[in-house]
Amino acid sequence: MAFDIDMIKEVYTKMAERVDKARGIVGKPLTLSEKILYSHLWDGSPTEAFSRGKDYVDFAPDRIACQDATAQMALLQFMQAGKPKVAVPTTVHCDHLIQAKDGAAKDLKHANSVSSEVFNFLESVSNKYGIGFWKPGAGIIHQVVLENYAFPGGMMIGTDSHTVNAGGLGMVAIGVGGADAVDVMAGMAWELKFPKLIGVKLTGKLSGWTAPKDVILKVAEILTAKGGTGAIVEYFGPGATAMSCTGKGTICNMGAEIGATTSTFGYDESMERYLRATDRSDVADAANAVKEHLTGDAEVYTNPEQYFDELIEINLSELSPLLNGPFTPDLSTPVGKDMNKKATDNEWPIKVEWGLIGSCTNSSYEDLSRASSIAQQALDKGLKMKAELGINPGSEQVRYTADRDGILGIFEKLDAKIFTNACGPCIGQWARYSDPKNAPKNSIVHSFNRNFAKRADGNPNTHAFVASPEITAAIAIAGRLDFNPMTDKLINENGEEVMFDEPTGWELPPKGFEVKDNGYLAPEADGSHVQVKVAEDSERLQLLTPFTPLGDHIAGAKLLIKALGKCTTDHISMAGPWLRFRGHLDNISNNCLIGAINAFGEKTNFVKNQLTGEFGGVPDTARAYKAAGIKSIVVGDHNYGEGSSREHAAMEPRHLGVAAVIVKSFARIHETNLKKQGMLGLTFANENDYDLIQEDDTFNFTDLNEFAPDKPLTLEIVHTDGSTDVIKLNHTYNDAQIAWYKEGSALNLIKKENNG
């Protein structure tokens, strides 16, 4: 039986009435996305039609999911909110703090040793506040959610950008910062700008070497890394219904790489099969009773150009396997000759050193079974691995079942390393090098979602390419980036030319899923007696001190850094070895913006201290300004803060005295995170004003006392020669968000209201 089945049935009970009312108010047929959004309004039944991309709307999500790296700060904040228990079903999943090195058993044992303090904190705080806890090794959050919690037509938020994976089961599932999650945990509304809608019509059918991963790799090529910003991507058409549920999850998962708010598919038979296979027939039965409300109206899919803000059509029968990368998930290349030319022209290493299969994107039973069919062929045809191979199963249920069915044994016969059911290399938790910064130039191929520089192994010279699990397996066996398994031959141990046959696999395990211990710990019904302890001298955990309001008079602020080009949350707050400090704001702030490229000198972590004239690291310089009582400013380029949802990228600058982040454009989650922490997240009214910012500039906000919705702010830039430039800065703050700013943070406002 499913978790929280009564909650799910309640959602379905209210859905028909709310969808019908919304359809009448909007005055036209509804997409699936609109049905879910309008049936989850904070005020209940809809009373008005909202403008896409414009109106801020309060929603009531059904549940929350947190992974261990982000859960620490989220729960440290929730502890300050004054609530005895979370208001909606919430889970914590320990998947980020397990480093991949020696294999599952040793790596998990090591993680439980070095991170025991954090795991014990998360387990105790979950037990105290009524939160379900998934132990280290239980699985990757998004795979576990898909197997246990996702349900068609539901709305979920999660403190990880790949929460969107649950769209594979027909949810509107959205990645948020921890402060957003804290609002909902505390029983408050969750605010989101009503998204625009991008429709993707899938015709034809996947076959041969082409996989669901290639669909999203193609969409990423079409829309680019920011083309989905502010929008929900809704997939439909015969190609969509012909695809497996976990395949849909893969597509939704990587929607985070195009900046999409989320992605989703309408409820269909593949979802029903998956629900029943994962012991949730009760959810399938309940969904079947309201299934007309769990997909878009027929008229929408018949004439989609009338109902979506943008429409893309992809014929799956014509789609070929793709490799995306390096260094960005939207640079797409067909496998084979095109890759050979592009790699040669750009001096990308042709030799592949590692293939990695798994992560939250492609770690289902189906993914492992299709990749194993290629591995089995290598064994049968006498081929030796030319690259190393690593496998991260998505959950203990998937791992146990795949092991029972001999799938993992096939990989092991090729000397593949089976890592823990955890994120591992996908998030930089990979002990590949002793000195990553000075490691050699090389290429790897993986079935993960992100491939920013240094993302997997900390090596800036690692060229990471994203592909399907089956293509990853084939290229790892061949050892060449330009290998095309559809046309190219390999020489086996006997000197014979052999070719791969097309991959095969199972949508679901033929003998059903099985698991001995799924790793779940239910909370006590009354956790009021549970003690949550944080040692004062801990390096890993630190109780929070509320931020002080920045006020309506900011003058004499100094430039901390002017970031050049792409500046993701990885650049602002790196993961990898820094994950161990995710629960200690002061310690992790020592990585603040150390990956951003300074526009002056084009170096990382090397900025001018205007007080001394000397150059030093970004965190040290920020601390010097803060100690002197001087606020600082960060300036950035387009899509600033893209990537992971990590709120540390907002909390660290706030902690170090940054008052405002001024950029050409923001990634959605990061902009919200800045607002939640009581900072100014602003955009240049004229993006060319970015060029006016000089290294020694001082900044004065001249009309901050008039901070109001839809009213630009005025900034005076004072240069060292005494000259000034006065520019306008746009913002998207509404009245509620301005109240966060005035109180010092959204959490401060929650505490004030709870104590009031």
# chains A, B, ... in the order shown; residues from 1 in each chain; ligands from 1
call {"tool": "select_by_dssp", "arguments": {"residues": "range 393-623 of chain A", "states": "strand (DSSP E)", "output": "ChimeraX atom specification"}}
result
/A:417-418,442-446,462-466,490-491,497-498,520-521,557-562,607-608,615-616
call {"tool": "closest_residue", "arguments": {"among": "A:Ile25, A:Ser33, A:Asp457, A:Gly406", "to": "Ala431 in chain A", "atoms": "only C-alpha atoms"}}
result
A:Asp457
call {"tool": "residues_around", "arguments": {"residues": "range 724-728 of chain A", "least_positions_apart": "4", "cutoff": "7 Å", "atoms": "only C-alpha atoms", "output": "CSV table (one decimal) with N, CA, C and O atoms, in the first residue's frame"}}
result
chain,number,residue,atom,x,y,z
A,684,PHE,N,19.8,44.4,-14.3
A,684,PHE,CA,20.0,45.7,-15.0
A,684,PHE,C,18.8,46.0,-15.9
A,684,PHE,O,18.4,45.1,-16.8
A,685,ALA,N,18.3,47.2,-15.8
A,685,ALA,CA,17.2,47.6,-16.7
A,685,ALA,C,17.8,47.6,-18.2
A,685,ALA,O,17.1,47.3,-19.1
A,712,PRO,N,11.2,50.2,-10.5
A,712,PRO,CA,12.7,50.0,-10.5
A,712,PRO,C,13.4,50.8,-9.4
A,712,PRO,O,12.9,51.8,-8.9
A,713,LEU,N,14.5,50.3,-9.0
A,713,LEU,CA,15.4,50.9,-8.0
A,713,LEU,C,16.5,51.7,-8.7
A,713,LEU,O,16.9,51.3,-9.8
A,714,THR,N,17.0,52.7,-8.1
A,714,THR,CA,18.0,53.6,-8.7
A,714,THR,C,19.3,53.3,-8.0
A,714,THR,O,19.4,53.3,-6.7
A,715,LEU,N,20.4,53.1,-8.7
A,715,LEU,CA,21.7,52.8,-8.2
A,715,LEU,C,22.7,53.9,-8.7
A,715,LEU,O,22.8,54.1,-9.9
A,716,GLU,N,23.4,54.5,-7.7
A,716,GLU,CA,24.5,55.4,-8.1
A,716,GLU,C,25.8,54.6,-8.0
A,716,GLU,O,26.1,54.1,-6.9
A,717,ILE,N,26.5,54.6,-9.1
A,717,ILE,CA,27.8,54.0,-9.1
A,717,ILE,C,28.9,55.0,-9.0
A,717,ILE,O,29.0,55.9,-9.9
A,718,VAL,N,29.7,55.0,-8.0
A,718,VAL,CA,30.8,56.0,-7.8
A,718,VAL,C,32.1,55.4,-8.2
A,718,VAL,O,32.5,54.4,-7.6
A,719,HIS,N,32.8,55.9,-9.2
A,719,HIS,CA,34.1,55.4,-9.6
A,719,HIS,C,35.2,56.1,-8.9
A,719,HIS,O,35.0,57.2,-8.2
call {"tool": "closest_residue", "arguments": {"among": "A:Lys213, A:Lys489, A:His110, A:His731", "to": "Lys711 in chain A", "atoms": "only C-alpha atoms"}}
result
A:His731
call {"tool": "closest_residue", "arguments": {"among": "A:Asn484, A:Pro238, A:Ile314, A:Phe666", "to": "Thr333 in chain A", "atoms": "only C-alpha atoms"}}
result
A:Asn484
call {"tool": "residues_around", "arguments": {"residues": "range 465-482 of chain A", "least_positions_apart": "2", "cutoff": "6 Å", "atoms": "only C-alpha atoms", "output": "short mmCIF file (atom, residue, chain, number, x, y, z; two decimals) with N, CA and C atoms, in the first residue's frame"}}
result
data_model
loop_
_atom_site.label_atom_id
_atom_site.label_comp_id
_atom_site.auth_asym_id
_atom_site.auth_seq_id
_atom_site.Cartn_x
_atom_site.Cartn_y
_atom_site.Cartn_z
N LYS A 213 16.40 9.23 -22.92
CA LYS A 213 17.44 10.24 -22.65
C LYS A 213 17.69 11.10 -23.89
N LEU A 323 25.05 12.70 -27.92
CA LEU A 323 25.98 12.98 -26.84
C LEU A 323 25.96 14.49 -26.62
N ASN A 324 25.68 14.92 -25.40
CA ASN A 324 25.66 16.35 -25.11
C ASN A 324 26.85 16.72 -24.25
N GLY A 325 27.54 17.79 -24.64
CA GLY A 325 28.69 18.25 -23.89
C GLY A 325 29.82 18.62 -24.82
N PRO A 326 30.99 18.96 -24.23
CA PRO A 326 31.28 18.97 -22.79
C PRO A 326 30.93 20.32 -22.15
N GLY A 336 29.07 9.20 -33.36
CA GLY A 336 29.77 8.77 -34.57
C GLY A 336 30.60 9.84 -35.24
N MET A 339 30.70 13.48 -34.10
CA MET A 339 31.48 13.67 -32.87
C MET A 339 32.97 13.64 -33.18
N ASN A 340 33.39 12.81 -34.10
CA ASN A 340 34.81 12.75 -34.46
C ASN A 340 35.28 14.10 -34.96
N ILE A 350 39.63 12.16 -27.61
CA ILE A 350 38.81 11.11 -28.21
C ILE A 350 38.75 9.88 -27.30
N LYS A 351 39.84 9.61 -26.63
CA LYS A 351 39.87 8.45 -25.73
C LYS A 351 38.96 8.70 -24.53
N VAL A 352 38.15 7.72 -24.19
CA VAL A 352 37.24 7.82 -23.05
C VAL A 352 37.81 6.99 -21.90
N GLY A 355 33.09 5.37 -18.14
CA GLY A 355 31.66 5.44 -18.42
C GLY A 355 30.93 5.28 -17.09
N ILE A 357 27.10 5.02 -15.21
CA ILE A 357 25.67 4.79 -15.41
C ILE A 357 24.96 4.88 -14.08
N ALA A 371 21.37 -1.34 -20.37
CA ALA A 371 22.83 -1.20 -20.39
C ALA A 371 23.50 -2.56 -20.21
N MET A 385 36.80 -4.33 -21.84
CA MET A 385 36.52 -2.92 -21.57
C MET A 385 37.76 -2.07 -21.87
N LYS A 386 37.57 -1.01 -22.64
CA LYS A 386 38.67 -0.08 -22.92
C LYS A 386 38.67 1.08 -21.92
N ALA A 387 37.52 1.34 -21.34
CA ALA A 387 37.41 2.37 -20.30
C ALA A 387 36.93 1.70 -19.02
N VAL A 445 32.10 9.68 -20.28
CA VAL A 445 30.71 9.67 -20.75
C VAL A 445 29.85 9.16 -19.60
N HIS A 446 28.72 9.83 -19.37
CA HIS A 446 27.84 9.37 -18.29
C HIS A 446 26.38 9.59 -18.63
N SER A 447 25.53 8.88 -17.90
CA SER A 447 24.08 9.02 -18.10
C SER A 447 23.48 9.95 -17.06
#
call {"tool": "residues_around", "arguments": {"residues": "His96 in chain A", "least_positions_apart": "4", "cutoff": "8 Å", "atoms": "only C-alpha atoms", "output": "list in words"}}
result
Gln67, Asp68, Ala69, Ala422, Cys423, Gly424, Ile427, Gln429 and Leu579 of chain A
call {"tool": "closest_atom_pairs", "arguments": {"of": "range 244-291 of chain A", "to": "range 216-229 of chain A", "cutoff": "9 Å", "atoms": "only C-alpha atoms", "output": "Markdown table"}}
result
| residue | atom | partner | partner_atom | distance |
| --- | --- | --- | --- | --- |
| A:Thr250 | CA | A:Ile216 | CA | 8.0 |
| A:Ile251 | CA | A:Ile216 | CA | 5.2 |
| A:Cys252 | CA | A:Ile216 | CA | 7.9 |
| A:Asn253 | CA | A:Ile216 | CA | 9.0 |
| A:Met254 | CA | A:Ile216 | CA | 6.6 |
| A:Gly255 | CA | A:Ile216 | CA | 7.1 |
| A:Ala256 | CA | A:Gly228 | CA | 8.5 |
| A:Glu257 | CA | A:Ala225 | CA | 5.7 |
| A:Ile258 | CA | A:Ala225 | CA | 4.1 |
| A:Gly259 | CA | A:Thr229 | CA | 4.4 |
| A:Ala260 | CA | A:Gly228 | CA | 4.2 |
| A:Thr261 | CA | A:Thr229 | CA | 6.5 |
| A:Thr262 | CA | A:Gly228 | CA | 8.9 |
call {"tool": "residues_around", "arguments": {"residues": "Ala240 in chain A", "least_positions_apart": "6", "cutoff": "8 Å", "atoms": "only C-alpha atoms", "output": "list in words"}}
result
Lys201, Leu202, Thr203, Lys248 and Phe265 of chain A
call {"tool": "residues_around", "arguments": {"residues": "Ile750 in chain A", "least_positions_apart": "5", "cutoff": "10 Å", "atoms": "only C-alpha atoms", "output": "VMD selection string"}}
result
chain A and resid 78 80 to 82 182 to 183 186 188 740 743 745 755 to 756
call {"tool": "write_last_selection", "arguments": {"atoms": "C-alpha atoms", "output": "PDB file, in the first residue's frame"}}
result
ATOM      1  CA  PHE A  78      12.497  24.827  10.436  1.00  0.00           C
ATOM      2  CA  GLN A  80      13.552  28.206  14.271  1.00  0.00           C
ATOM      3  CA  ALA A  81       9.944  28.364  13.062  1.00  0.00           C
ATOM      4  CA  GLY A  82       8.326  27.353  16.356  1.00  0.00           C
ATOM      5  CA  VAL A 182      10.309  25.589   5.418  1.00  0.00           C
ATOM      6  CA  ASP A 183       7.307  27.776   4.569  1.00  0.00           C
ATOM      7  CA  ALA A 186       5.329  25.415   8.720  1.00  0.00           C
ATOM      8  CA  MET A 188       2.149  28.381   5.014  1.00  0.00           C
ATOM      9  CA  TRP A 740      10.783  39.393   3.719  1.00  0.00           C
ATOM     10  CA  GLU A 743      12.222  41.669   8.216  1.00  0.00           C
ATOM     11  CA  SER A 745      14.449  37.061   5.776  1.00  0.00           C
ATOM     12  CA  ASN A 755       5.068  34.402  17.942  1.00  0.00           C
ATOM     13  CA  GLY A 756       2.617  37.181  17.282  1.00  0.00           C
TER      14      GLY A 756
END
call {"tool": "closest_atom_pairs", "arguments": {"of": "range 515-547 of chain A", "to": "range 143-163 of chain A", "cutoff": "12 Å", "atoms": "only C-alpha atoms", "output": "Markdown table"}}
result
| residue | atom | partner | partner_atom | distance |
| --- | --- | --- | --- | --- |
| A:Asn518 | CA | A:Val144 | CA | 9.5 |
| A:Gly519 | CA | A:Val144 | CA | 10.4 |
| A:Tyr520 | CA | A:Val144 | CA | 10.2 |
call {"tool": "select_by_dssp", "arguments": {"residues": "range 471-667 of chain A", "states": "helix (DSSP H, G or I)", "output": "VMD selection string"}}
result
chain A and resid 471 to 478 569 to 572 576 to 581 585 to 591 618 to 627 648 to 655
call {"tool": "decode", "arguments": {"residues": "range 742-755 of chain A", "atoms": "N, CA, C and O atoms", "output": "mmCIF file, in the first residue's frame"}}
result
data_model
loop_
_atom_site.group_PDB
_atom_site.id
_atom_site.type_symbol
_atom_site.label_atom_id
_atom_site.label_comp_id
_atom_site.auth_asym_id
_atom_site.auth_seq_id
_atom_site.Cartn_x
_atom_site.Cartn_y
_atom_site.Cartn_z
ATOM 1 N N LYS A 742 12.296 43.444 4.396
ATOM 2 C CA LYS A 742 12.243 44.387 5.521
ATOM 3 C C LYS A 742 12.445 43.695 6.864
ATOM 4 O O LYS A 742 12.974 44.302 7.805
ATOM 5 N N GLU A 743 12.043 42.412 6.964
ATOM 6 C CA GLU A 743 12.222 41.669 8.216
ATOM 7 C C GLU A 743 13.603 41.023 8.309
ATOM 8 O O GLU A 743 13.993 40.532 9.366
ATOM 9 N N GLY A 744 14.329 40.990 7.209
ATOM 10 C CA GLY A 744 15.663 40.386 7.207
ATOM 11 C C GLY A 744 15.711 39.027 6.561
ATOM 12 O O GLY A 744 16.766 38.562 6.153
ATOM 13 N N SER A 745 14.573 38.348 6.471
ATOM 14 C CA SER A 745 14.449 37.061 5.776
ATOM 15 C C SER A 745 13.001 36.597 5.878
ATOM 16 O O SER A 745 12.234 37.080 6.729
ATOM 17 N N ALA A 746 12.637 35.649 5.020
ATOM 18 C CA ALA A 746 11.298 35.070 5.101
ATOM 19 C C ALA A 746 11.114 34.334 6.423
ATOM 20 O O ALA A 746 10.029 34.373 7.017
ATOM 21 N N LEU A 747 12.167 33.660 6.896
ATOM 22 C CA LEU A 747 12.081 32.926 8.154
ATOM 23 C C LEU A 747 11.827 33.869 9.325
ATOM 24 O O LEU A 747 11.050 33.548 10.238
ATOM 25 N N ASN A 748 12.457 35.020 9.314
ATOM 26 C CA ASN A 748 12.201 36.009 10.370
ATOM 27 C C ASN A 748 10.727 36.377 10.420
ATOM 28 O O ASN A 748 10.138 36.542 11.496
ATOM 29 N N LEU A 749 10.121 36.492 9.230
ATOM 30 C CA LEU A 749 8.701 36.854 9.167
ATOM 31 C C LEU A 749 7.827 35.717 9.690
ATOM 32 O O LEU A 749 6.851 35.953 10.410
ATOM 33 N N ILE A 750 8.197 34.471 9.354
ATOM 34 C CA ILE A 750 7.448 33.319 9.864
ATOM 35 C C ILE A 750 7.493 33.297 11.391
ATOM 36 O O ILE A 750 6.466 33.125 12.067
ATOM 37 N N LYS A 751 8.676 33.474 11.955
ATOM 38 C CA LYS A 751 8.811 33.470 13.414
ATOM 39 C C LYS A 751 7.990 34.583 14.043
ATOM 40 O O LYS A 751 7.332 34.393 15.067
ATOM 41 N N LYS A 752 8.023 35.748 13.419
ATOM 42 C CA LYS A 752 7.281 36.893 13.945
ATOM 43 C C LYS A 752 5.786 36.598 13.955
ATOM 44 O O LYS A 752 5.085 36.883 14.935
ATOM 45 N N GLU A 753 5.306 35.986 12.869
ATOM 46 C CA GLU A 753 3.879 35.672 12.776
ATOM 47 C C GLU A 753 3.495 34.562 13.741
ATOM 48 O O GLU A 753 2.420 34.590 14.349
ATOM 49 N N ASN A 754 4.374 33.569 13.908
ATOM 50 C CA ASN A 754 4.077 32.477 14.847
ATOM 51 C C ASN A 754 4.078 32.954 16.294
ATOM 52 O O ASN A 754 3.309 32.462 17.126
ATOM 53 N N ASN A 755 4.967 33.893 16.575
ATOM 54 C CA ASN A 755 5.068 34.402 17.942
ATOM 55 C C ASN A 755 4.098 35.542 18.220
ATOM 56 O O ASN A 755 3.962 35.987 19.351
#
